[in-house]
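> File follows, my_file.cif with mmCIF, C-alpha atoms:
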```cif
data_target
loop_
_atom_site.label_atom_id
_atom_site.label_comp_id
_atom_site.auth_asym_id
_atom_site.auth_seq_id
_atom_site.Cartn_x
_atom_site.Cartn_y
_atom_site.Cartn_z
CA MET A 16 0.00 0.00 0.00
CA SER A 17 1.32 3.44 -0.92
CA PRO A 18 2.06 5.92 1.88
CA ASP A 19 -0.49 8.33 0.36
CA LEU A 20 -3.25 5.73 0.48
CA ASP A 21 -2.27 4.73 4.01
CA ASP A 22 -2.50 8.39 5.05
CA ARG A 23 -5.88 8.76 3.35
CA MET A 24 -7.25 5.69 5.10
CA SER A 25 -6.03 7.06 8.44
CA GLN A 26 -7.81 10.35 7.72
CA LEU A 27 -11.00 8.51 6.86
CA ARG A 28 -10.85 6.43 10.05
CA ALA A 29 -10.39 9.63 12.04
CA GLN A 30 -13.60 10.90 10.38
CA GLY A 31 -15.45 7.79 11.51
CA VAL A 32 -15.44 6.05 8.12
CA HIS A 33 -15.55 2.26 8.22
CA THR A 34 -17.03 1.48 4.78
CA VAL A 35 -16.47 2.61 1.18
CA MET A 36 -19.26 2.92 -1.37
CA THR A 37 -17.56 2.04 -4.66
CA THR A 38 -19.54 3.57 -7.54
CA PHE A 39 -19.54 3.43 -11.31
CA THR A 40 -22.03 4.29 -14.03
CA ASP A 41 -23.81 1.91 -16.39
CA LEU A 42 -24.53 2.72 -20.03
CA HIS A 43 -27.79 4.45 -19.06
CA GLY A 44 -25.95 6.86 -16.77
CA VAL A 45 -27.35 5.24 -13.62
CA PRO A 46 -25.03 5.09 -10.57
CA LYS A 47 -24.23 1.53 -9.49
CA GLY A 48 -21.85 0.04 -6.95
CA LYS A 49 -21.36 -1.86 -3.71
CA LEU A 50 -20.15 -1.37 -0.14
CA ILE A 51 -16.74 -2.69 0.92
CA PRO A 52 -15.00 -2.44 4.31
CA LEU A 53 -12.37 0.27 4.55
CA GLU A 54 -9.75 -2.46 5.05
CA GLY A 55 -10.50 -3.68 1.52
CA LEU A 56 -9.67 -0.32 -0.04
CA PRO A 57 -6.04 -1.14 -1.06
CA HIS A 58 -7.26 -4.13 -3.12
CA ALA A 59 -10.08 -2.05 -4.62
CA VAL A 60 -7.54 0.59 -5.69
CA ALA A 61 -4.97 -1.84 -7.11
CA VAL A 62 -7.22 -4.54 -8.57
CA GLY A 63 -10.78 -3.30 -8.23
CA ALA A 64 -14.08 -4.11 -6.59
CA GLY A 65 -15.54 -7.01 -8.54
CA PHE A 66 -18.93 -7.09 -10.26
CA SER A 67 -20.52 -9.60 -12.62
CA GLY A 68 -19.96 -7.98 -16.01
CA PRO A 69 -23.11 -9.22 -17.80
CA SER A 70 -25.23 -7.91 -14.90
CA ILE A 71 -24.36 -4.32 -15.87
CA TRP A 72 -26.03 -2.53 -18.79
CA GLY A 73 -23.66 -2.00 -21.71
CA THR A 74 -20.43 -3.74 -20.68
CA GLY A 75 -20.67 -6.36 -23.42
CA LEU A 76 -18.74 -8.74 -21.17
CA PRO A 77 -19.20 -12.53 -21.43
CA ARG A 78 -20.76 -14.78 -18.81
CA MET A 79 -17.54 -16.72 -18.23
CA GLY A 80 -13.78 -16.37 -18.45
CA PRO A 81 -11.26 -13.80 -17.18
CA ARG A 82 -13.11 -10.91 -18.84
CA SER A 83 -16.48 -11.76 -17.32
CA GLU A 84 -15.71 -9.65 -14.24
CA TYR A 85 -16.17 -5.90 -14.27
CA MET A 86 -13.50 -4.55 -11.92
CA GLY A 87 -14.17 -1.09 -10.57
CA ARG A 88 -10.83 0.40 -9.58
CA VAL A 89 -11.29 3.04 -6.92
CA LEU A 90 -9.72 6.43 -7.60
CA PRO A 91 -8.29 7.50 -4.21
CA GLU A 92 -8.58 11.21 -5.01
CA THR A 93 -12.38 10.83 -5.19
CA LEU A 94 -12.78 9.41 -1.65
CA ARG A 95 -14.90 11.60 0.61
CA PRO A 96 -17.31 10.89 3.48
CA TRP A 97 -20.88 10.76 2.24
CA PRO A 98 -23.00 12.58 4.83
CA LEU A 99 -26.18 10.69 3.94
CA LEU A 100 -24.71 7.43 5.24
CA PRO A 101 -22.69 8.03 8.42
CA GLY A 102 -19.50 5.97 8.42
CA VAL A 103 -19.51 5.58 4.62
CA ALA A 104 -17.16 7.24 2.12
CA HIS A 105 -18.12 7.66 -1.52
CA ALA A 106 -15.60 6.72 -4.23
CA VAL A 107 -15.57 6.81 -8.03
CA CYS A 108 -14.30 3.82 -10.00
CA ASP A 109 -12.78 3.30 -13.44
CA GLY A 110 -13.93 0.16 -15.25
CA PHE A 111 -11.43 -2.61 -16.02
CA ALA A 112 -11.74 -6.16 -17.36
CA GLY A 113 -8.95 -8.72 -17.68
CA GLY A 114 -6.55 -6.19 -16.20
CA GLN A 115 -7.14 -3.68 -19.02
CA PRO A 116 -9.20 -0.49 -19.18
CA LEU A 117 -12.69 -1.44 -20.35
CA ASP A 118 -13.57 0.35 -23.57
CA THR A 119 -17.29 0.01 -22.85
CA CYS A 120 -16.93 1.85 -19.53
CA SER A 121 -18.29 5.35 -20.15
CA ARG A 122 -15.81 6.95 -17.76
CA GLN A 123 -12.96 5.34 -19.67
CA VAL A 124 -14.52 6.68 -22.89
CA LEU A 125 -14.36 10.24 -21.54
CA LYS A 126 -10.93 9.63 -20.03
CA ARG A 127 -9.55 8.74 -23.48
CA GLN A 128 -10.91 11.97 -24.94
CA VAL A 129 -9.44 14.00 -22.08
CA LEU A 130 -6.04 12.33 -22.52
CA CYS A 131 -6.07 13.16 -26.25
CA LEU A 132 -6.94 16.74 -25.38
CA GLY A 133 -4.09 16.81 -22.87
CA GLU A 134 -1.63 15.91 -25.63
CA ARG A 135 -2.41 19.33 -27.09
CA GLY A 136 -1.80 20.93 -23.72
CA TRP A 137 -5.49 21.82 -23.49
CA THR A 138 -8.06 21.43 -20.72
CA LEU A 139 -11.83 21.28 -21.13
CA TRP A 140 -13.76 23.04 -18.38
CA VAL A 141 -17.39 22.08 -17.93
CA GLY A 142 -20.21 23.66 -15.98
CA ILE A 143 -23.24 21.38 -15.72
CA GLU A 144 -26.72 22.75 -15.01
CA PRO A 145 -28.99 20.05 -13.56
CA GLU A 146 -32.73 20.58 -14.01
CA PHE A 147 -35.05 18.06 -12.35
CA PHE A 148 -38.57 17.44 -11.08
CA LEU A 149 -39.69 16.62 -7.56
CA LEU A 150 -42.60 14.20 -7.91
CA LYS A 151 -44.73 11.82 -5.88
CA ARG A 152 -46.73 8.67 -6.64
CA THR A 153 -50.51 8.64 -6.94
CA SER A 154 -52.71 5.85 -5.65
CA ASP A 155 -53.07 4.48 -9.20
CA GLY A 156 -49.29 4.33 -9.72
CA GLY A 157 -48.94 7.52 -11.73
CA TRP A 158 -46.78 10.57 -11.06
CA VAL A 159 -47.78 14.08 -10.06
CA VAL A 160 -45.93 17.19 -8.88
CA GLY A 161 -44.71 16.59 -5.33
CA ASP A 162 -45.96 19.96 -4.08
CA ASP A 163 -49.78 20.09 -4.29
CA LEU A 164 -49.73 23.91 -4.10
CA ASP A 165 -47.25 24.37 -6.97
CA ARG A 166 -49.89 25.44 -9.50
CA LEU A 167 -48.84 28.80 -10.94
CA ASP A 168 -49.30 29.19 -14.69
CA LYS A 169 -45.84 30.76 -14.89
CA PRO A 170 -43.91 29.26 -11.94
CA SER A 171 -40.34 30.36 -12.74
CA TYR A 172 -38.57 31.71 -9.64
CA ASP A 173 -41.62 31.07 -7.45
CA LEU A 174 -40.46 31.97 -3.94
CA GLU A 175 -43.53 30.51 -2.25
CA ALA A 176 -42.73 27.09 -3.74
CA ILE A 177 -39.10 27.50 -2.66
CA THR A 178 -40.30 28.28 0.88
CA ARG A 179 -42.57 25.24 0.96
CA ASN A 180 -39.77 22.99 -0.31
CA PHE A 181 -36.98 24.60 1.67
CA GLY A 182 -36.46 21.40 3.65
CA PHE A 183 -35.31 19.55 0.52
CA LEU A 184 -33.31 22.49 -0.81
CA ASP A 185 -31.54 23.19 2.47
CA SER A 186 -30.71 19.51 2.91
CA MET A 187 -29.17 19.61 -0.57
CA ARG A 188 -27.20 22.72 0.39
CA LYS A 189 -25.79 21.08 3.53
CA HIS A 190 -24.93 17.77 1.91
CA LEU A 191 -23.47 19.20 -1.30
CA SER A 192 -21.39 21.74 0.65
CA ALA A 193 -20.03 18.92 2.83
CA LEU A 194 -19.07 17.08 -0.38
CA GLY A 195 -17.06 20.05 -1.66
CA PHE A 196 -19.55 21.52 -4.13
CA GLU A 197 -19.28 25.28 -4.54
CA LEU A 198 -22.96 26.13 -4.79
CA GLN A 199 -24.00 29.14 -6.84
CA GLN A 200 -27.80 29.21 -6.85
CA MET A 201 -31.04 27.24 -6.48
CA ASP A 202 -34.24 28.22 -8.24
CA HIS A 203 -37.69 27.07 -9.27
CA GLU A 204 -37.71 26.44 -13.01
CA ASP A 205 -40.34 26.91 -15.74
CA ALA A 206 -42.51 23.91 -14.87
CA ASN A 207 -44.51 23.10 -11.75
CA GLY A 208 -42.38 20.88 -9.54
CA GLN A 209 -39.19 21.67 -11.48
CA TYR A 210 -35.97 22.99 -9.92
CA GLU A 211 -32.39 23.75 -10.88
CA ILE A 212 -29.31 23.75 -8.65
CA ASN A 213 -26.12 25.31 -10.00
CA TYR A 214 -22.59 24.79 -8.75
CA ARG A 215 -19.08 25.70 -9.89
CA PHE A 216 -17.55 24.28 -13.07
CA ASP A 217 -14.61 21.86 -13.11
CA GLU A 218 -12.40 20.04 -15.57
CA ALA A 219 -14.31 17.51 -17.65
CA LEU A 220 -13.75 14.26 -15.73
CA ALA A 221 -14.20 15.87 -12.34
CA ALA A 222 -17.35 17.65 -13.57
CA ALA A 223 -18.85 14.36 -14.73
CA ASP A 224 -17.92 12.63 -11.46
CA ARG A 225 -19.46 15.51 -9.53
CA TYR A 226 -22.73 15.33 -11.47
CA LEU A 227 -23.10 11.62 -10.65
CA LEU A 228 -22.49 12.44 -6.99
CA PHE A 229 -25.08 15.22 -7.24
CA LYS A 230 -27.58 12.79 -8.75
CA LEU A 231 -26.96 10.13 -6.10
CA THR A 232 -27.30 12.72 -3.33
CA ALA A 233 -30.47 14.26 -4.76
CA GLN A 234 -32.12 10.85 -5.05
CA ALA A 235 -31.40 10.10 -1.39
CA VAL A 236 -32.42 13.54 -0.10
CA ALA A 237 -35.67 13.47 -2.07
CA GLN A 238 -36.54 10.09 -0.54
CA GLN A 239 -35.93 11.51 2.93
CA HIS A 240 -38.52 14.18 2.16
CA GLY A 241 -41.10 11.79 0.73
CA LEU A 242 -40.37 12.89 -2.84
CA TYR A 243 -39.01 11.35 -6.04
CA PHE A 244 -36.10 13.00 -7.86
CA SER A 245 -36.84 12.66 -11.58
CA THR A 246 -34.39 13.17 -14.43
CA ARG A 247 -36.98 12.23 -17.05
CA PRO A 248 -36.67 14.83 -19.82
CA LYS A 249 -40.41 15.43 -20.29
CA PRO A 250 -42.51 13.94 -17.48
CA PHE A 251 -45.59 16.05 -18.32
CA ALA A 252 -46.76 16.75 -21.87
CA HIS A 253 -48.10 20.22 -21.03
CA ALA A 254 -44.98 21.49 -19.23
CA PRO A 255 -41.40 22.35 -20.22
CA GLY A 256 -38.86 19.53 -19.98
CA SER A 257 -35.57 19.21 -18.11
CA GLY A 258 -32.24 19.91 -19.75
CA LEU A 259 -28.70 19.29 -18.59
CA HIS A 260 -26.88 22.12 -20.31
CA PHE A 261 -23.08 21.94 -20.64
CA HIS A 262 -21.10 25.19 -20.39
CA LEU A 263 -17.85 24.51 -22.23
CA SER A 264 -14.54 26.34 -22.40
CA LEU A 265 -10.98 25.41 -23.33
CA THR A 266 -7.70 26.65 -21.88
CA ASP A 267 -4.12 25.99 -22.92
CA ARG A 268 -1.35 24.81 -20.62
CA HIS A 269 -0.80 28.39 -19.47
CA GLY A 270 -4.45 28.86 -18.53
CA LYS A 271 -5.23 31.08 -21.51
CA ALA A 272 -8.86 30.91 -22.69
CA LEU A 273 -8.95 29.49 -26.22
CA MET A 274 -12.62 30.00 -27.11
CA ALA A 275 -13.13 33.61 -26.04
CA ASP A 276 -12.59 36.72 -28.16
CA PRO A 277 -14.70 39.77 -27.22
CA ALA A 278 -14.17 41.15 -30.73
CA GLY A 279 -15.14 37.94 -32.52
CA PRO A 280 -18.58 36.89 -33.75
CA MET A 281 -20.69 35.80 -30.78
CA GLY A 282 -17.74 36.73 -28.53
CA LEU A 283 -15.87 33.63 -29.71
CA SER A 284 -12.41 33.16 -31.13
CA GLU A 285 -11.82 31.20 -34.33
CA THR A 286 -11.19 28.14 -32.16
CA GLY A 287 -14.49 28.65 -30.35
CA GLN A 288 -16.40 29.20 -33.57
CA ARG A 289 -14.99 26.04 -35.12
CA PHE A 290 -15.72 24.07 -31.96
CA ALA A 291 -19.33 25.27 -32.28
CA ALA A 292 -19.31 24.31 -35.97
CA GLY A 293 -18.24 20.79 -35.01
CA LEU A 294 -21.12 20.50 -32.58
CA LEU A 295 -23.62 21.58 -35.23
CA HIS A 296 -22.07 19.35 -37.90
CA HIS A 297 -22.37 16.25 -35.69
CA ALA A 298 -25.55 17.34 -33.86
CA ASP A 299 -27.79 14.60 -35.25
CA ALA A 300 -25.46 11.84 -34.04
CA LEU A 301 -24.78 13.67 -30.78
CA SER A 302 -28.52 13.61 -30.12
CA ALA A 303 -28.29 9.87 -29.50
CA PHE A 304 -25.86 10.36 -26.60
CA CYS A 305 -27.23 13.65 -25.30
CA ALA A 306 -30.94 12.83 -25.60
CA PRO A 307 -30.96 9.04 -25.18
CA LEU A 308 -34.57 8.23 -24.28
CA VAL A 309 -37.72 7.91 -26.36
CA ASN A 310 -39.09 10.54 -23.96
CA SER A 311 -36.20 12.91 -24.77
CA TYR A 312 -37.81 13.80 -28.09
CA LYS A 313 -40.96 14.98 -26.36
CA ARG A 314 -38.70 17.71 -24.98
CA LEU A 315 -36.95 18.35 -28.31
CA ALA A 316 -40.14 19.42 -30.05
CA VAL A 317 -41.98 22.61 -30.91
CA SER A 318 -44.73 22.33 -28.32
CA GLU A 319 -46.97 24.62 -26.34
CA SER A 320 -46.26 25.12 -22.65
CA THR A 321 -48.68 26.19 -19.95
CA SER A 322 -45.98 28.57 -18.70
CA GLY A 323 -45.98 30.32 -22.07
CA THR A 324 -42.24 29.80 -22.44
CA THR A 325 -40.14 27.01 -23.88
CA TRP A 326 -36.37 26.96 -24.32
CA SER A 327 -36.06 23.60 -26.01
CA PRO A 328 -33.28 23.60 -28.65
CA VAL A 329 -35.00 22.30 -31.77
CA TRP A 330 -33.00 23.90 -34.58
CA LYS A 331 -29.30 23.50 -35.41
CA ALA A 332 -28.14 27.08 -35.01
CA ALA A 333 -25.73 29.16 -32.92
CA GLY A 334 -26.38 32.59 -31.47
CA ASP A 335 -24.99 35.14 -29.04
CA ASN A 336 -26.96 34.67 -25.80
CA ASN A 337 -29.77 33.15 -27.87
CA ARG A 338 -31.59 30.47 -25.88
CA THR A 339 -33.63 29.38 -28.90
CA CYS A 340 -30.45 28.04 -30.55
CA LEU A 341 -28.78 24.70 -30.02
CA VAL A 342 -25.46 26.46 -29.37
CA ARG A 343 -25.55 29.60 -27.23
CA SER A 344 -22.45 31.70 -26.71
CA VAL A 345 -22.22 33.50 -23.39
CA ASP A 346 -19.26 35.33 -21.84
CA GLY A 347 -16.78 33.74 -24.24
CA ARG A 348 -17.86 30.16 -23.62
CA ILE A 349 -20.25 27.77 -25.34
CA GLU A 350 -23.48 26.56 -23.81
CA TRP A 351 -24.40 23.23 -25.41
CA ARG A 352 -28.15 23.02 -24.91
CA LEU A 353 -28.86 19.59 -26.39
CA PRO A 354 -28.21 17.27 -23.38
CA ASP A 355 -31.04 16.32 -21.09
CA ALA A 356 -30.91 14.95 -17.59
CA SER A 357 -31.32 11.31 -18.66
CA CYS A 358 -27.99 11.14 -20.50
CA ASN A 359 -24.89 9.26 -19.45
CA VAL A 360 -22.88 12.38 -18.68
CA TYR A 361 -19.51 10.71 -19.39
CA ALA A 362 -20.54 9.51 -22.84
CA ALA A 363 -22.36 12.74 -23.69
CA LEU A 364 -19.31 14.82 -22.73
CA ALA A 365 -16.91 12.52 -24.58
CA ALA A 366 -18.96 12.71 -27.78
CA THR A 367 -19.41 16.47 -27.41
CA LEU A 368 -15.67 17.00 -26.99
CA ALA A 369 -14.89 14.74 -29.95
CA ALA A 370 -17.31 16.66 -32.17
CA GLY A 371 -15.94 20.04 -31.11
CA LEU A 372 -12.35 18.98 -31.76
CA ALA A 373 -13.37 17.61 -35.15
CA GLY A 374 -14.67 21.07 -35.98
CA ILE A 375 -11.33 22.60 -34.98
CA ASP A 376 -9.14 20.02 -36.73
CA GLY A 377 -11.30 20.06 -39.85
CA ALA A 378 -11.28 23.87 -39.94
CA LEU A 379 -15.05 23.84 -40.39
CA PRO A 380 -16.56 27.16 -41.45
CA PRO A 381 -17.82 29.16 -38.48
CA PRO A 382 -21.60 29.08 -38.06
CA THR A 383 -23.55 32.16 -39.10
CA PRO A 384 -24.73 33.83 -35.87
CA CYS A 385 -28.48 33.68 -35.41
CA GLY A 386 -29.97 36.85 -33.97
CA ASP A 387 -33.62 35.83 -34.22
CA ASP A 388 -36.07 34.15 -31.86
CA LEU A 389 -36.46 30.90 -33.80
CA TYR A 390 -39.78 30.14 -32.16
CA LEU A 391 -41.16 33.41 -33.53
CA ARG A 392 -39.83 32.57 -36.98
CA HIS A 393 -41.58 29.21 -36.70
CA ALA A 394 -44.83 30.86 -35.61
CA HIS A 395 -44.66 33.27 -38.57
CA GLY A 396 -43.89 30.52 -41.07
CA GLU A 397 -40.46 31.93 -41.87
CA PRO A 398 -37.49 29.83 -43.06
CA LEU A 399 -35.65 28.00 -40.28
CA PRO A 400 -32.35 26.19 -39.80
CA PRO A 401 -32.36 22.38 -40.10
CA ARG A 402 -34.02 20.55 -37.22
CA LEU A 403 -32.63 17.94 -34.89
CA PRO A 404 -33.84 14.34 -35.24
CA ALA A 405 -37.53 14.01 -34.43
CA ASN A 406 -37.16 10.78 -32.45
CA LEU A 407 -34.61 8.47 -30.86
CA SER A 408 -34.67 6.06 -33.79
CA ALA A 409 -33.61 8.83 -36.20
CA ALA A 410 -30.86 9.91 -33.79
CA LEU A 411 -29.55 6.34 -33.61
CA ASP A 412 -29.56 6.16 -37.42
CA ALA A 413 -27.53 9.37 -37.47
CA LEU A 414 -25.01 7.93 -35.02
CA GLN A 415 -24.76 4.75 -37.09
CA ALA A 416 -24.03 6.87 -40.17
CA ASP A 417 -21.46 9.12 -38.45
CA ALA A 418 -18.36 6.95 -38.74
CA ALA A 419 -16.01 9.71 -37.61
CA LEU A 420 -17.86 10.33 -34.34
CA ARG A 421 -18.23 6.60 -33.65
CA ALA A 422 -14.50 6.09 -34.17
CA ALA A 423 -13.67 8.95 -31.82
CA VAL A 424 -16.02 7.74 -29.08
CA GLY A 425 -15.08 4.08 -29.58
CA GLU A 426 -16.69 1.46 -31.80
CA ASN A 427 -17.25 -1.07 -29.01
CA TYR A 428 -19.02 1.45 -26.80
CA CYS A 429 -21.14 2.66 -29.71
CA GLU A 430 -22.04 -0.91 -30.66
CA GLN A 431 -23.36 -1.60 -27.15
CA PHE A 432 -25.14 1.73 -27.05
CA LEU A 433 -26.85 1.27 -30.40
CA GLN A 434 -27.91 -2.29 -29.61
CA ILE A 435 -29.49 -1.38 -26.27
CA LYS A 436 -31.12 1.82 -27.47
CA ARG A 437 -32.59 0.20 -30.59
CA ALA A 438 -34.18 -2.40 -28.33
CA GLU A 439 -35.70 0.47 -26.29
CA CYS A 440 -37.13 2.00 -29.44
CA SER A 441 -38.66 -1.33 -30.44
CA SER A 442 -40.33 -1.76 -27.07
CA GLY A 443 -41.28 1.91 -26.61
CA ASN A 444 -39.45 1.76 -23.28
CA LEU A 445 -39.01 5.12 -21.54
CA SER A 446 -36.94 3.61 -18.77
CA ALA A 447 -33.26 3.64 -17.90
CA GLU A 448 -34.27 4.27 -14.29
CA SER A 449 -34.59 8.00 -14.91
#
```
Hey, can you dump this file as structure tokens for me?

Amino acid sequence: MSPDLDDRMSQLRAQGVHTVMTTFTDLHGVPKGKLIPLEGLPHAVAVGAGFSGPSIWGTGLPRMGPRSEYMGRVLPETLRPWPLLPGVAHAVCDGFAGGQPLDTCSRQVLKRQVLCLGERGWTLWVGIEPEFFLLKRTSDGGWVVGDDLDRLDKPSYDLEAITRNFGFLDSMRKHLSALGFELQQMDHEDANGQYEINYRFDEALAAADRYLLFKLTAQAVAQQHGLYFSTRPKPFAHAPGSGLHFHLSLTDRHGKALMADPAGPMGLSETGQRFAAGLLHHADALSAFCAPLVNSYKRLAVSESTSGTTWSPVWKAAGDNNRTCLVRSVDGRIEWRLPDASCNVYAALAATLAAGLAGIDGALPPPTPCGDDLYLRHAHGEPLPPRLPANLSAALDALQADAALRAAVGENYCEQFLQIKRAECSSGNLSAES
């Protein structure tokens, strides 16, 4: 055992930790894992906590042989006490099989992209904006808004709803702060029962790890308050859906911002514009990773909302602080508005990064800035940019046809993804535990 790990275990014992929750993410983006005693941590770091590979969505591992075991190798730097389970520390794992990094592990997929980016001396910084619903079950097994009094026609920023649900929100504040999140704001979103919690950005892998920890924490806190934390993109047909917007920026090895140029179109440099062009060029295939449920395309539609407002990115366009576009530039960074809260954040980020870099390396022409409200253009019957895929099946076809993006993400991962998601389309399944 390394001295650093020995020291970390001593620190954890001093904090009352006796057990480690080893976590990883399946293809659907759902946190999975097991509990191991703290004494087993050295083996979990060096070899991994063992799981039956075929029991996990998307590994593609066989039922027998040395590669039938999914080994989750604990990353010591991710260890931190998890306040929701006293005595338990949370840890993130990388997936291995047969002693080698598993190419169908979504974290390994993102890790490969980040390593390629690092060869350029660049770092991708990501701010993730989780939107979600707080729901409850009805006697007939359906779902309704968890707060019976949350009925405003235009509920954005409703302080009365925040007051009524302060118990959940304050519990989230306490637990996330204890986990090292730098919270920025909490607000009631555009739909009844919908909230957003924002926290500080981080480099890509850490940001993805942090979102999974956020999701795990929110699920547990909601249960404590008799509520259900839902990441379904469009739980109610009449209301706006939930997005998971990515705020993206690149820096070089000296910390210089590579996307920003106050004098450039949309406040972006040539690098930023070409990154945006890559996103738009590969947007149809990216939809499969970023909007991976049948239900996702209920959100990605031109639909009426009882709140009178919808921000859903339907058209492949880029604009300066234009929320009706798929790509929004803001303060010299790119907001990628396609992802929803049901995505596997590692895979969605990996594919997004690959597409952006393809735009840079291919010197794609910068997108023409859109200065119009595209929903108004639609209402007036005016010409519009091309639309995103209308359903998951079309998005999967686009991914199948996009050989360059599949190669960048990894053929084995894409093969598993396409197989599982096509089966969902055939069954009409909205699931993935979201």
> Quick one: apply the PyMOL selection byres ((chain A and resi 315-317) around 10) to the file and drop the selected residues here as a ChimeraX atom specification.
/A:248-249,256,258,302,306,310-314,318-320,325-330,353,355,390,393-394,402-406
> Taking only C-alpha atoms into account, which of A:Ala29, A:Ala254, A:Leu364, A:Leu56 comes nearest Trp140 in chain A?
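Ranked by minimum distance to Trp140 in chain A, first place goes to A:Leu364.
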> Closest to Ala373 in chain A among A:Phe290, A:Tyr361, A:Phe304, A:Trp97, using only C-alpha atoms?
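Of all the options, A:Phe290 lies closest to Ala373 in chain A.
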> Which neighbours of range 46-54 of chain A fall inside 9 Å, counting only C-alpha atoms, when residues of the same chain fewer than 6 positions from it are skipped, and could you give them as a ChimeraX atom specification?
/A:24,27-28,32-40,64,66,71,87,103-104,108,227-228,230-231
> To one decimal place in Å, what is the distance between CA of Lys271 in chain A and CA of Arg215 in chain A?
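Distance reported for this atom pair: 18.9 Å.
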